[in-house]
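*Asks:* Have a peek at entry01.cif (mmCIF, C-alpha atoms and all ligand atoms).
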```cif
data_final
#
loop_
_atom_site.label_atom_id
_atom_site.label_comp_id
_atom_site.auth_asym_id
_atom_site.auth_seq_id
_atom_site.Cartn_x
_atom_site.Cartn_y
_atom_site.Cartn_z
CA MET L 1 0.00 0.00 0.00
CA LYS L 2 1.14 3.55 -0.73
CA PHE L 3 0.62 6.69 1.33
CA GLU L 4 0.98 9.94 -0.62
CA ILE L 5 1.40 12.69 1.96
CA PHE L 6 1.07 16.35 0.96
CA THR L 7 2.64 18.83 3.36
CA ILE L 8 4.74 21.98 3.53
CA LEU L 9 6.85 20.37 6.29
CA PRO L 10 7.99 16.93 5.02
CA GLU L 11 10.94 16.96 7.42
CA LEU L 12 8.53 16.42 10.34
CA PHE L 13 7.75 12.93 9.04
CA THR L 14 11.24 11.58 8.54
CA PRO L 15 12.18 10.64 12.13
CA TYR L 16 8.89 8.91 12.88
CA LEU L 17 8.63 7.01 9.61
CA GLY L 18 12.30 6.04 9.88
CA ALA L 19 11.97 4.16 13.17
CA SER L 20 10.67 0.87 14.52
CA ILE L 21 7.75 -0.99 12.93
CA LEU L 22 6.98 1.61 10.24
CA GLN L 23 10.60 1.69 9.06
CA LYS L 24 10.72 -2.13 8.93
CA ALA L 25 7.42 -2.33 7.05
CA ALA L 26 8.73 0.10 4.41
CA ALA L 27 12.08 -1.72 4.18
CA LYS L 28 10.22 -5.01 3.55
CA GLY L 29 8.19 -3.34 0.78
CA LEU L 30 4.87 -3.81 2.63
CA VAL L 31 4.15 -0.07 2.55
CA GLU L 32 5.46 3.06 0.81
CA PHE L 33 5.52 6.49 2.42
CA ASN L 34 5.82 9.15 -0.28
CA LEU L 35 6.24 12.73 0.93
CA HIS L 36 5.27 15.55 -1.43
CA ASN L 37 6.24 19.10 -0.57
CA ILE L 38 3.33 21.35 -1.58
CA ARG L 39 5.86 24.18 -2.09
CA ASN L 40 7.28 22.31 -5.09
CA TYR L 41 3.97 22.89 -6.85
CA THR L 42 4.07 26.70 -6.58
CA HIS L 43 5.22 28.91 -9.46
CA ASP L 44 6.31 32.14 -7.78
CA LYS L 45 9.77 32.91 -6.55
CA HIS L 46 8.77 32.76 -2.84
CA HIS L 47 6.98 29.40 -3.21
CA THR L 48 3.85 30.84 -1.64
CA THR L 49 1.32 28.33 -0.30
CA ASP L 50 -0.92 30.71 1.69
CA ASP L 51 -2.64 34.07 1.30
CA THR L 52 -4.86 36.49 3.20
CA PRO L 53 -8.54 35.60 3.65
CA TYR L 54 -11.23 37.23 1.53
CA GLY L 55 -13.46 39.20 3.87
CA GLY L 56 -10.58 40.04 6.23
CA GLY L 57 -9.79 38.61 9.63
CA GLY L 58 -6.71 37.10 11.19
CA GLY L 59 -4.67 34.14 9.95
CA MET L 60 -3.64 32.95 6.53
CA VAL L 61 -5.47 30.53 4.25
CA MET L 62 -3.87 27.70 2.26
CA LYS L 63 -4.13 28.49 -1.44
CA PRO L 64 -5.99 26.06 -3.70
CA GLU L 65 -3.65 26.01 -6.76
CA PRO L 66 -0.56 24.30 -5.25
CA ILE L 67 -2.64 21.71 -3.37
CA PHE L 68 -4.76 20.84 -6.43
CA GLU L 69 -1.64 20.66 -8.61
CA ALA L 70 0.28 18.48 -6.12
CA VAL L 71 -2.58 16.04 -5.55
CA GLU L 72 -3.60 15.79 -9.21
CA SER L 73 -0.07 15.33 -10.51
CA VAL L 74 0.53 12.46 -8.06
CA LEU L 75 -2.93 10.84 -7.92
CA GLY L 76 -4.47 11.81 -11.26
CA SER L 77 -7.36 14.11 -12.10
CA PRO L 78 -9.73 13.22 -10.62
CA PRO L 79 -7.78 11.09 -8.10
CA ASN L 80 -8.76 7.41 -8.16
CA CYS L 81 -8.15 6.75 -4.44
CA PRO L 82 -9.25 8.28 -1.12
CA VAL L 83 -7.93 11.81 -0.60
CA VAL L 84 -8.02 12.58 3.10
CA LEU L 85 -8.02 16.13 4.42
CA MET L 86 -6.73 16.49 7.98
CA THR L 87 -9.05 18.92 9.76
CA PRO L 88 -10.56 19.31 13.24
CA GLN L 89 -13.90 19.69 11.41
CA GLY L 90 -13.73 16.14 10.00
CA LYS L 91 -15.23 12.78 10.99
CA PRO L 92 -13.47 11.45 14.11
CA PHE L 93 -10.76 8.94 13.18
CA SER L 94 -11.50 5.40 14.42
CA GLN L 95 -10.22 1.84 14.18
CA SER L 96 -12.94 1.01 11.66
CA MET L 97 -11.72 3.89 9.46
CA ALA L 98 -8.18 2.49 9.83
CA PHE L 99 -9.44 -0.91 8.54
CA GLU L 100 -11.20 0.86 5.66
CA PHE L 101 -8.00 2.70 4.57
CA ALA L 102 -5.90 -0.47 5.04
CA SER L 103 -7.96 -2.14 2.30
CA GLU L 104 -6.91 0.52 -0.26
CA GLN L 105 -3.90 0.33 -2.62
CA GLN L 106 -3.16 4.04 -2.23
CA VAL L 107 -4.32 6.84 0.09
CA GLY L 108 -3.57 10.55 -0.22
CA ILE L 109 -3.36 12.70 2.92
CA ILE L 110 -3.32 16.52 2.91
CA CYS L 111 -1.83 18.26 5.94
CA GLY L 112 -2.98 21.79 6.67
CA ARG L 113 -1.23 24.69 8.39
CA TYR L 114 -2.26 28.27 9.22
CA GLU L 115 -5.90 29.27 9.81
CA GLY L 116 -7.40 26.88 7.29
CA TYR L 117 -7.86 25.74 3.70
CA ASP L 118 -9.47 27.52 0.79
CA GLU L 119 -12.97 25.99 0.86
CA ARG L 120 -12.70 24.77 -2.76
CA ILE L 121 -10.17 22.16 -1.59
CA ARG L 122 -12.84 20.64 0.68
CA GLN L 123 -15.53 20.94 -1.95
CA TYR L 124 -13.80 19.75 -5.10
CA LEU L 125 -10.67 17.76 -4.25
CA VAL L 126 -10.97 15.63 -1.12
CA THR L 127 -13.05 12.51 -0.52
CA HIS L 128 -12.74 12.34 3.30
CA GLU L 129 -12.37 15.00 6.01
CA VAL L 130 -10.85 13.41 9.09
CA SER L 131 -10.21 14.72 12.61
CA ILE L 132 -8.12 13.08 15.31
CA GLY L 133 -10.12 14.67 18.14
CA ASP L 134 -11.98 17.70 19.35
CA PHE L 135 -8.95 19.94 19.82
CA VAL L 136 -6.86 22.07 17.50
CA LEU L 137 -3.19 21.52 16.67
CA THR L 138 -0.87 23.81 14.73
CA GLY L 139 -0.75 21.50 11.71
CA GLY L 140 -1.97 18.30 10.10
CA GLU L 141 1.36 16.45 10.21
CA LEU L 142 0.86 14.75 13.61
CA PRO L 143 -2.73 13.78 12.70
CA ALA L 144 -1.48 12.34 9.38
CA LEU L 145 1.20 10.32 11.17
CA MET L 146 -1.45 8.92 13.49
CA ILE L 147 -3.47 7.67 10.53
CA VAL L 148 -0.38 6.29 8.76
CA ASP L 149 0.67 4.45 11.94
CA ALA L 150 -2.77 3.01 12.74
CA VAL L 151 -3.28 1.83 9.15
CA THR L 152 0.22 0.44 8.56
CA ARG L 153 0.06 -1.88 11.57
CA LEU L 154 -3.06 -3.49 10.07
CA LEU L 155 -1.33 -4.38 6.78
CA PRO L 156 -0.54 -8.09 6.31
CA GLY L 157 2.97 -9.00 7.47
CA VAL L 158 3.64 -5.78 9.41
CA LEU L 159 3.09 -7.07 12.95
CA GLY L 160 5.08 -10.07 14.19
CA ASP L 161 1.89 -11.68 15.53
CA PRO L 162 -0.69 -11.57 12.73
CA THR L 163 -3.62 -11.94 15.18
CA GLY L 164 -2.31 -9.11 17.39
CA ALA L 165 -4.31 -6.36 15.72
CA MET L 166 -7.58 -8.28 16.10
CA ASP L 167 -7.17 -8.47 19.91
CA ASP L 168 -6.49 -4.74 20.18
CA SER L 169 -8.91 -2.38 21.82
CA HIS L 170 -11.61 -1.24 19.36
CA ALA L 171 -10.89 -3.95 16.76
CA MET L 172 -13.92 -6.01 17.84
CA GLY L 173 -15.82 -3.25 19.62
CA LEU L 174 -14.37 -3.90 23.11
CA LEU L 175 -11.35 -2.63 25.06
CA GLU L 176 -8.50 -5.12 25.31
CA TYR L 177 -8.08 -7.35 28.40
CA PRO L 178 -5.33 -6.65 31.02
CA HIS L 179 -1.78 -7.86 30.37
CA TYR L 180 0.76 -9.26 32.85
CA THR L 181 4.37 -10.37 32.52
CA LYS L 182 6.98 -11.83 34.89
CA PRO L 183 7.37 -11.83 37.85
CA ALA L 184 4.19 -13.69 38.92
CA GLU L 185 4.31 -11.82 42.23
CA PHE L 186 5.45 -8.18 42.50
CA ARG L 187 5.29 -6.32 45.85
CA GLY L 188 2.63 -8.76 46.98
CA TRP L 189 0.46 -8.19 43.88
CA ASN L 190 -0.19 -11.45 42.09
CA VAL L 191 -0.87 -12.28 38.47
CA PRO L 192 -4.42 -13.75 38.21
CA GLU L 193 -4.36 -17.52 38.63
CA GLU L 194 -6.30 -18.15 35.41
CA LEU L 195 -3.25 -16.97 33.41
CA LEU L 196 -0.70 -19.18 35.14
CA GLY L 197 -1.91 -22.73 34.50
CA GLY L 198 -1.54 -22.88 30.70
CA ASN L 199 -5.22 -23.83 30.18
CA HIS L 200 -5.92 -22.04 26.89
CA GLN L 201 -9.69 -22.23 27.06
CA LEU L 202 -9.71 -20.81 30.60
CA ILE L 203 -7.31 -18.04 29.55
CA GLU L 204 -9.43 -17.15 26.53
CA GLU L 205 -12.59 -17.02 28.65
CA TRP L 206 -10.88 -14.92 31.35
CA ARG L 207 -9.70 -12.46 28.69
CA ILE L 208 -13.15 -12.05 27.15
CA ILE L 209 -14.70 -11.52 30.58
CA GLN L 210 -12.06 -8.91 31.47
CA SER L 211 -12.62 -7.16 28.14
CA LEU L 212 -16.36 -7.04 28.80
CA ARG L 213 -15.90 -5.77 32.38
CA ARG L 214 -13.39 -3.10 31.48
CA THR L 215 -15.39 -1.85 28.49
CA HIS L 216 -18.49 -1.78 30.70
CA SER L 217 -16.80 0.34 33.37
CA LYS L 218 -14.52 2.55 31.24
CA ARG L 219 -16.55 2.94 28.05
CA PRO L 220 -20.26 2.21 28.63
CA ASP L 221 -20.94 3.86 25.25
CA LEU L 222 -18.94 1.11 23.48
CA PHE L 223 -20.41 -1.62 25.69
CA GLN L 224 -23.93 -0.61 24.70
CA LYS L 225 -23.05 -0.86 20.99
CA PHE L 226 -21.24 -4.23 21.30
CA ASP L 227 -22.72 -7.11 19.31
CA PRO L 228 -22.60 -10.19 21.62
CA ARG L 229 -23.26 -12.82 18.92
CA SER L 230 -19.62 -13.95 18.89
CA LEU L 231 -19.67 -14.80 22.63
CA GLY L 232 -19.77 -18.33 24.08
CA LYS L 233 -22.33 -19.50 26.69
CA LYS L 234 -20.36 -18.49 29.80
CA THR L 235 -19.15 -15.13 28.51
CA ARG L 236 -22.64 -14.35 27.16
CA LYS L 237 -24.02 -14.79 30.69
CA ILE L 238 -21.48 -12.30 32.09
CA TYR L 239 -22.34 -9.90 29.26
CA GLU L 240 -26.04 -10.12 30.10
CA GLU L 241 -25.36 -9.53 33.82
CA LEU L 242 -23.26 -6.47 33.00
CA LEU L 243 -25.93 -5.21 30.64
CA LYS L 244 -28.49 -5.28 33.48
CA ILE L 245 -26.39 -2.96 35.66
CA LEU L 246 -25.29 -0.67 32.83
CA PRO L 247 -27.73 2.18 33.65
CA LEU L 248 -25.94 2.57 37.03
CA HIS L 249 -22.78 3.54 35.13
CA GLY L 250 -24.21 5.07 31.97
N1 LIG X 1 -9.01 27.17 11.94
C1 LIG X 1 -9.11 25.76 11.69
C2 LIG X 1 -10.47 25.27 12.20
O1 LIG X 1 -10.98 25.83 13.17
O2 LIG X 1 -11.02 24.30 11.63
C3 LIG X 1 -7.97 25.00 12.36
C4 LIG X 1 -6.68 25.17 11.68
S1 LIG X 1 -5.33 24.33 12.47
C5 LIG X 1 -4.56 25.67 13.32
C6 LIG X 1 -4.21 24.02 11.18
C7 LIG X 1 -4.27 22.62 10.60
O3 LIG X 1 -3.92 21.68 11.59
C8 LIG X 1 -5.60 22.16 10.07
O4 LIG X 1 -5.87 22.63 8.78
C9 LIG X 1 -5.42 20.64 10.09
O5 LIG X 1 -4.72 20.18 8.97
C10 LIG X 1 -4.55 20.43 11.32
N2 LIG X 1 -5.32 20.03 12.52
C11 LIG X 1 -5.44 20.73 13.67
N3 LIG X 1 -6.19 20.08 14.56
C12 LIG X 1 -6.56 18.91 13.97
C13 LIG X 1 -7.36 17.81 14.39
N4 LIG X 1 -7.95 17.78 15.59
N5 LIG X 1 -7.53 16.79 13.54
C14 LIG X 1 -6.96 16.81 12.30
N6 LIG X 1 -6.20 17.84 11.85
C15 LIG X 1 -6.00 18.88 12.67
#
```
What does this structure look like when you write it as structure tokens?
Ligand code: SAM

*Replies:*
Amino acid sequence: MKFEIFTILPELFTPYLGASILQKAAAKGLVEFNLHNIRNYTHDKHHTTDDTPYGGGGGMVMKPEPIFEAVESVLGSPPNCPVVLMTPQGKPFSQSMAFEFASEQQVGIICGRYEGYDERIRQYLVTHEVSIGDFVLTGGELPALMIVDAVTRLLPGVLGDPTGAMDDSHAMGLLEYPHYTKPAEFRGWNVPEELLGGNHQLIEEWRIIQSLRRTHSKRPDLFQKFDPRSLGKKTRKIYEELLKILPLHG
């Protein structure tokens, strides 16, 4: 899969993309991170990418011409893949959106700066407007890296344990179960017995129950939306008990 990232600050990406799992995934050819400097698509001597807003007011606005030219020269006109605009006004990013993008061959991501984008970029160029939360950052580079990271780890062959991503919080609609490692006893706090005996069915059941309990107490909104059809008899019973007391927490 290829990410085509449009930014005026490509240097912000290099350290993060050049480390750990993302670096290894690119080295193995499982993913490509292509950085496109929007300034290279300007035609004036100052490489201007922003201008003053019509109607006055503070802050500068990203000009449409260099962004259209950059995106269309890399992705075609019209682009034949998702073109994602990073904006606090967008749809909140989620694990299900990460799965959706991971099924694409190519995804374009536009990173904003300044006060905002010329509205024609939203109207006539992008296919998705995506936010990483209800707060405002100085630029779209960190949000873009979050999407690139979340999507890349879902690509086949990227994680050492191919089932790892399916156990993660949000993959199946629940938060992940608690983890423990050695030692079995630390300052008098013991690892739960269910995890110590090597009984895989017991461990699996314990994990599902913990996932249900922790989603119920930390994220009742997710718990209410959870589809219990995949649960076994015992875990289904726990789910139904938790469901009965949900209004106390909700
Ligand atoms: N004035 C804009 C508004 O209220 O919608 C915010 C502009 S912000 C200072 C500059 C850029 O940072 C945005 O264009 C976007 O690319 C990025 N950005 C800031 N917060 C973001 C968020 N929560 N999610 C995604 N991108 C964000």

*Asks:* Could you please extract the residues within 7 Å of ligand LIG 1 (chain X), counting all atoms listed in the file, and hand them back as a PDB file with C-alpha atoms, in the coordinates of the input?

*Replies:*
```pdb
ATOM      1  CA  LEU L  85      -8.020  16.130   4.420  1.00  0.00           C
ATOM      2  CA  MET L  86      -6.730  16.490   7.980  1.00  0.00           C
ATOM      3  CA  THR L  87      -9.050  18.920   9.760  1.00  0.00           C
ATOM      4  CA  PRO L  88     -10.560  19.310  13.240  1.00  0.00           C
ATOM      5  CA  GLN L  89     -13.900  19.690  11.410  1.00  0.00           C
ATOM      6  CA  CYS L 111      -1.830  18.260   5.940  1.00  0.00           C
ATOM      7  CA  GLY L 112      -2.980  21.790   6.670  1.00  0.00           C
ATOM      8  CA  ARG L 113      -1.230  24.690   8.390  1.00  0.00           C
ATOM      9  CA  TYR L 114      -2.260  28.270   9.220  1.00  0.00           C
ATOM     10  CA  GLU L 115      -5.900  29.270   9.810  1.00  0.00           C
ATOM     11  CA  GLY L 116      -7.400  26.880   7.290  1.00  0.00           C
ATOM     12  CA  TYR L 117      -7.860  25.740   3.700  1.00  0.00           C
ATOM     13  CA  VAL L 130     -10.850  13.410   9.090  1.00  0.00           C
ATOM     14  CA  SER L 131     -10.210  14.720  12.610  1.00  0.00           C
ATOM     15  CA  ILE L 132      -8.120  13.080  15.310  1.00  0.00           C
ATOM     16  CA  GLY L 133     -10.120  14.670  18.140  1.00  0.00           C
ATOM     17  CA  ASP L 134     -11.980  17.700  19.350  1.00  0.00           C
ATOM     18  CA  PHE L 135      -8.950  19.940  19.820  1.00  0.00           C
ATOM     19  CA  VAL L 136      -6.860  22.070  17.500  1.00  0.00           C
ATOM     20  CA  LEU L 137      -3.190  21.520  16.670  1.00  0.00           C
ATOM     21  CA  THR L 138      -0.870  23.810  14.730  1.00  0.00           C
ATOM     22  CA  GLY L 139      -0.750  21.500  11.710  1.00  0.00           C
ATOM     23  CA  GLY L 140      -1.970  18.300  10.100  1.00  0.00           C
ATOM     24  CA  PRO L 143      -2.730  13.780  12.700  1.00  0.00           C
TER      25      PRO L 143
END
```

*Asks:* Counting all atoms listed in the file, which residues come within 12 Å of (-7.5, 10.1, -10.8), with the point read in the file's coordinates, and could you list them as a list in words?

*Replies:* Phe68, Val71, Glu72, Ser73, Val74, Leu75, Gly76, Ser77, Pro78, Pro79, Asn80, Cys81, Pro82, Val83, Gln106, Val107, Gly108, Leu125, Val126 and Thr127 of chain L

*Asks:* So which residues touch stretch 188-196 of chain L within 12 Å, counting all atoms listed in the file, skipping near sequence neighbours fewer than 2 positions away, as a ChimeraX atom specification?

*Replies:* /L:177-186,198-207,209-210

*Asks:* Which residues are near L:Glu241? Cut-off 12 Å, all atoms listed in the file, ignore same chain within fewer than 5 positions. Put them as a list in words.

*Replies:*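 In the requested format, the answer is Ile209, Leu212, Arg213, His216, Lys234, Thr235, Arg236, Leu246 and Pro247 of chain L.
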
*Asks:* Take the residues just selected and output them with C-alpha atoms as a JSON list (two decimals), in the coordinates of the input.

*Replies:*
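Generated output (selection.json):
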```
[["chain", "number", "residue", "atom", "x", "y", "z"],
["L", 209, "ILE", "CA", -14.70, -11.52, 30.58],
["L", 212, "LEU", "CA", -16.36, -7.04, 28.80],
["L", 213, "ARG", "CA", -15.90, -5.77, 32.38],
["L", 216, "HIS", "CA", -18.49, -1.78, 30.70],
["L", 234, "LYS", "CA", -20.36, -18.49, 29.80],
["L", 235, "THR", "CA", -19.15, -15.13, 28.51],
["L", 236, "ARG", "CA", -22.64, -14.35, 27.16],
["L", 246, "LEU", "CA", -25.29, -0.67, 32.83],
["L", 247, "PRO", "CA", -27.73, 2.18, 33.65]]
```

*Asks:* Figure out the distance between atom CA of L:Ile38 and atom CA of L:Asp50, please, to one decimal in Å.

*Replies:*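 Separation between atom CA of L:Asp50 and atom CA of L:Ile38: 10.8 Å.
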
*Asks:* Choose the residue, out of L:Tyr16, L:Tyr124, L:Phe226, L:Phe101, that has the smallest atom-to-atom separation from L:Leu154; count only C-alpha atoms.

*Replies:*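 Among the listed residues, the smallest separation from L:Leu154 belongs to L:Phe101.
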